[in-house]
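Down below is the structure, laid out as structure tokens.
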Amino acid sequence: MAKKQDVALRASRGRSDKALGYRLKRLRSETMKPTSAHQDADTPEPPSSVSLDLGWGRLLFAQTFATNEALADALSGEGPARRDIAFYIRDPHVLLSMAPQELFLDPSHTYRLNLATYRPSRRQPRGFFIRRLTSEVDANAVNAIYQSRGMLTVRPDFFWARRDSRAVTYFVAEDDQTGDILGTVTGIDHRRVFQDPENGASLWCLAVDPQSPHAGLGEMLVRRLAEHFAARGASFMDLSVMHDNEQAIALYEKLGFHRVPVFAVKRKNPINEKLFTHPPADFDKLNPYARLIVDEAHRRGVAVDLTDAEGGFFRLSFGGRSIQCRESLSELTSAVAMSICDDKAVTRRTVERAGLIVPEQIEAVEDRQALQAFLERHGRVVVKPARGEQGRGVAVGLETLDEVDDAIRAAREISDRVLVEACFDGEDLRLVVIDFRLVAAAVRRAPRVVGDGRSTIEDLIAKQSRRRAAATGGESRIPVDAETKRCLAAAGHTLSSVLPEGEEVVVRKAANLHTGGSIHDVTEQVHPDLVTAACAAARAIDIPVVGIDLMVKSPNLPDYVFIEANERPGLANHEPQPTAERFVDLLFPRSGVKSAERALAPRS
């Protein structure tokens, strides 16, 4: 018995020693061991000091640089408004010592996927497909996604000129129904770039439209790129991910990526500032709407004092001027203007006197005959609290008196006064007006789910709600309440219904972002009459920053009715439009780039 135990112990030790040896060998090959391979006499020398221009900046392959001095010198040549990355740094402490005032160690992890052991998923994309980038329209859509994710954009002609490149591959995910581009990923074949003896590849710029209704987009883009490089015979695919991006890291580890001790170094520039400076205390408590403005203020050198981060309150100071803000609401908005926006009935009367088209409206009273007559006159109505925000208590498209009664009871929980108004069919258009000029326009669409043939509507809502929350920093979720159940019932469904694959159902009629709606930029397409109406409403209220909501037949048609005005519009919802820039311009006109250029220009 003892002999058997001794044999088993030796076998176990042997396996452990082999496993340890393999781990140590892999550790050496993936860290400090320099890249090398046997070169035949006829094989040309691999290129040295390789940098690849990707439009947003250069990717410098550190293993191709002879010395750290040469790599530091190359990084110093970074162009304006660019983000160069030196990747595969084996000894970052040495490189940083060359220019400590200019360079910093990127706080990201490197993950590697062994393509020899990677196994494709049997699950196929649902509601979208993945293909190569093929047109300038694709390039513009990719840039819009980049901007919505806070990434640097690329000239569309840059994408177009490299659409057939064998070194750089651009994939996009396209919606089956609408043709919209929903996501993108970039892949680099290292052999094509610098005859990589390790036969590697890397993934960059994975980005998914935060408004996408489909699950699994990011995973499918990563898988498509991995399969692309595996078919080309690559040994591995690397990527760099921020150390605190837990959601992305969980995805990569699920797909089989493992972390390797390889580093990236970048230059200290305004674009990278958040990565090498310590954010102010309580910065993480800011919601996305306040953080967007604070980031813009920091970029300009405007002093920021977070007075109540959880509430979104902060003070901005520049050139002797100091202004208290709560997100996009500032001291420049008067109490009178705020009061007008706060009461929807007063808002309606104010803009009606300014010549805007408004829907007929009554106050909900106990007189059921009056309500019945109003409902019969218009067929469908909207019920909403006279005071309230973020879509709470709003019910749209009510067709029976019982539905109106239920909606009024729900709205009274938000406000004592409740309004009933005519329902106008069309799209919900939000126009952001700053300093009485249009800055952004976007169509807001009601939350909807797409069936997969297996999940109940309740499960689909939960999944969609999680995606909306992740895309908006927790600001957007789909509530499962009486209004959701009413909308489903009107479509012939319940929460337990299983939708056929590809079938889409609207789960709430109101398009408010806080209740799960999505937003789609239409600034370039909006009709001039709609812009005129929004600016006229802002002047009638006399408010410097406002979100004007209109119901329109289409953003490029002049027909509309005024819905309401929001004195604290969420500027972060309208990227890539420069809402935060125009807001800080309003507060501190001399802090902008043009003002700085004029101030620094030589005197004639």
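All residue names refer to the structure tokens as shown: chains lettered A, B, ... in order, residues numbered from 1 in each chain, ligands numbered from 1 in order.
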
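Non-sequential neighbours of segment 279-285 of chain A (distance at most 9 Å, separation of 4 or more positions within a chain, only C-alpha atoms) are Lys274, Arg291, Val304, Asp305, Leu306, Asp308, Ala309, Glu310, Gly311 and Gly312 of chain A.
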
Just the strand (DSSP E or B) stuff from segment 162-329 of chain A, please, per backbone DSSP, written as a PDB file with C-alpha atoms, in the first residue's frame.
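Contents of states-v6.pdb, as written:
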ATOM      1  CA  VAL A 168      -4.812  46.119 -41.059  1.00  0.00           C
ATOM      2  CA  THR A 169      -8.332  44.678 -41.112  1.00  0.00           C
ATOM      3  CA  TYR A 170     -11.492  46.606 -40.222  1.00  0.00           C
ATOM      4  CA  PHE A 171     -14.636  44.650 -39.395  1.00  0.00           C
ATOM      5  CA  VAL A 172     -18.054  46.186 -38.779  1.00  0.00           C
ATOM      6  CA  ALA A 173     -21.315  44.730 -37.449  1.00  0.00           C
ATOM      7  CA  GLU A 174     -24.369  45.681 -39.504  1.00  0.00           C
ATOM      8  CA  ASP A 175     -28.002  45.478 -38.382  1.00  0.00           C
ATOM      9  CA  ILE A 181     -23.415  49.987 -38.288  1.00  0.00           C
ATOM     10  CA  LEU A 182     -23.581  48.830 -34.665  1.00  0.00           C
ATOM     11  CA  GLY A 183     -19.975  47.960 -33.826  1.00  0.00           C
ATOM     12  CA  THR A 184     -16.424  47.768 -35.102  1.00  0.00           C
ATOM     13  CA  VAL A 185     -13.066  46.174 -34.421  1.00  0.00           C
ATOM     14  CA  THR A 186      -9.580  46.615 -35.909  1.00  0.00           C
ATOM     15  CA  GLY A 187      -7.053  43.807 -36.344  1.00  0.00           C
ATOM     16  CA  ILE A 188      -3.343  43.996 -37.114  1.00  0.00           C
ATOM     17  CA  ASP A 189      -1.359  41.153 -38.677  1.00  0.00           C
ATOM     18  CA  GLY A 200       1.377  37.270 -33.760  1.00  0.00           C
ATOM     19  CA  ALA A 201      -1.620  39.530 -34.296  1.00  0.00           C
ATOM     20  CA  SER A 202      -3.457  42.080 -32.185  1.00  0.00           C
ATOM     21  CA  LEU A 203      -6.924  43.527 -31.659  1.00  0.00           C
ATOM     22  CA  TRP A 204      -7.590  47.262 -31.331  1.00  0.00           C
ATOM     23  CA  CYS A 205     -10.498  49.708 -31.179  1.00  0.00           C
ATOM     24  CA  LEU A 206     -13.286  47.312 -30.247  1.00  0.00           C
ATOM     25  CA  ALA A 207     -16.357  49.556 -29.912  1.00  0.00           C
ATOM     26  CA  VAL A 208     -20.108  48.929 -29.880  1.00  0.00           C
ATOM     27  CA  PHE A 236      -1.921  34.349 -31.043  1.00  0.00           C
ATOM     28  CA  MET A 237      -3.987  37.528 -30.835  1.00  0.00           C
ATOM     29  CA  ASP A 238      -3.200  40.160 -28.206  1.00  0.00           C
ATOM     30  CA  LEU A 239      -5.193  43.119 -26.914  1.00  0.00           C
ATOM     31  CA  SER A 240      -4.843  45.886 -24.368  1.00  0.00           C
ATOM     32  CA  VAL A 241      -7.681  46.657 -21.943  1.00  0.00           C
ATOM     33  CA  MET A 242      -7.971  49.187 -19.116  1.00  0.00           C
ATOM     34  CA  HIS A 258      -5.039  34.977 -20.497  1.00  0.00           C
ATOM     35  CA  ARG A 259      -3.128  37.901 -19.105  1.00  0.00           C
ATOM     36  CA  VAL A 260       0.523  38.352 -20.107  1.00  0.00           C
ATOM     37  CA  PHE A 263       3.161  46.732 -21.180  1.00  0.00           C
ATOM     38  CA  ALA A 264       2.265  49.863 -23.112  1.00  0.00           C
ATOM     39  CA  VAL A 265       3.737  53.348 -22.747  1.00  0.00           C
ATOM     40  CA  LYS A 266       2.150  56.618 -23.916  1.00  0.00           C
ATOM     41  CA  ARG A 267       2.958  60.312 -23.936  1.00  0.00           C
ATOM     42  CA  ALA A 303     -10.680  74.792 -11.991  1.00  0.00           C
ATOM     43  CA  VAL A 304     -13.252  72.304 -10.689  1.00  0.00           C
ATOM     44  CA  ASP A 305     -14.546  72.003  -7.133  1.00  0.00           C
ATOM     45  CA  LEU A 306     -16.916  69.066  -6.585  1.00  0.00           C
ATOM     46  CA  THR A 307     -19.373  70.430  -4.040  1.00  0.00           C
ATOM     47  CA  ASP A 308     -21.725  67.408  -4.059  1.00  0.00           C
ATOM     48  CA  PHE A 313     -23.094  69.631  -8.175  1.00  0.00           C
ATOM     49  CA  PHE A 314     -19.759  71.310  -8.913  1.00  0.00           C
ATOM     50  CA  ARG A 315     -18.229  74.781  -9.138  1.00  0.00           C
ATOM     51  CA  LEU A 316     -16.177  75.909 -12.137  1.00  0.00           C
ATOM     52  CA  SER A 317     -13.713  78.793 -11.873  1.00  0.00           C
ATOM     53  CA  PHE A 318     -11.685  80.543 -14.550  1.00  0.00           C
ATOM     54  CA  ARG A 321     -15.196  84.073 -12.555  1.00  0.00           C
ATOM     55  CA  SER A 322     -16.830  81.261 -10.593  1.00  0.00           C
ATOM     56  CA  ILE A 323     -20.102  79.498 -11.486  1.00  0.00           C
ATOM     57  CA  GLN A 324     -22.008  76.821  -9.596  1.00  0.00           C
ATOM     58  CA  CYS A 325     -23.543  74.045 -11.719  1.00  0.00           C
ATOM     59  CA  ARG A 326     -25.631  70.973 -11.393  1.00  0.00           C
ATOM     60  CA  LEU A 329     -27.959  73.597 -15.083  1.00  0.00           C
TER      61      LEU A 329
END

Legend entry - Those of segment 22-212 of chain A in DSSP helix (DSSP H, G or I), formatted as a ChimeraX atom specification: /A:22-30,62-64,68-75,92-98,136-148,156-161,190-194

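Nearest residue to Leu375 of chain A among A:Phe129, A:Val262, A:Val480, A:Asp402 is A:Asp402, counting only C-alpha atoms.
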
Inset, instruction - Would you list the contacts of Tyr289 of chain A as a PyMOL selection string, taking every protein, DNA or RNA residue within 7 Å and counting only C-alpha atoms, but skipping same-chain residues closer than 6 positions in sequence? - result: chain A and resi 327+570-572

Could you save the residues just selected, with N, CA and C atoms, as a CSV table (one decimal), in the first residue's frame?
chain,number,residue,atom,x,y,z
A,327,GLU,N,-24.9,69.5,-13.2
A,327,GLU,CA,-24.8,69.0,-14.5
A,327,GLU,C,-24.9,70.2,-15.5
A,570,GLY,N,-29.5,66.3,-20.6
A,570,GLY,CA,-28.3,65.4,-20.4
A,570,GLY,C,-27.4,65.6,-21.6
A,571,LEU,N,-26.3,66.3,-21.5
A,571,LEU,CA,-25.4,66.6,-22.6
A,571,LEU,C,-24.7,65.4,-23.1
A,572,ALA,N,-24.4,64.5,-22.1
A,572,ALA,CA,-23.7,63.2,-22.5
A,572,ALA,C,-24.4,62.4,-23.5

Inset, instruction - Please identify all polymer residues within 10 Å of Ala99 of chain A, counting only C-alpha atoms, omitting same-chain residues fewer than 2 positions from it, and present them as a PyMOL selection string. - result: chain A and resi 69+72-73+75-76+94-97+101-104+267

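Compared by their closest atoms to Pro210 of chain A, and using only C-alpha atoms, the residues A:Thr532, A:Ser148, A:Ser48, A:Thr350 rank with A:Ser148 nearest.
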
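The two atoms in question, atom CA of Leu54 of chain A and atom CA of Phe158 of chain A, are spaced 8.3 Å apart.
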
Inset, instruction - Excluding Asp481 of chain A and residues on its chain fewer than 4 positions from it, collect all residues at most 10 Å away from it, counting only C-alpha atoms, and give them as a list in words. - result: Lys485, Arg486 and Arg508 of chain A
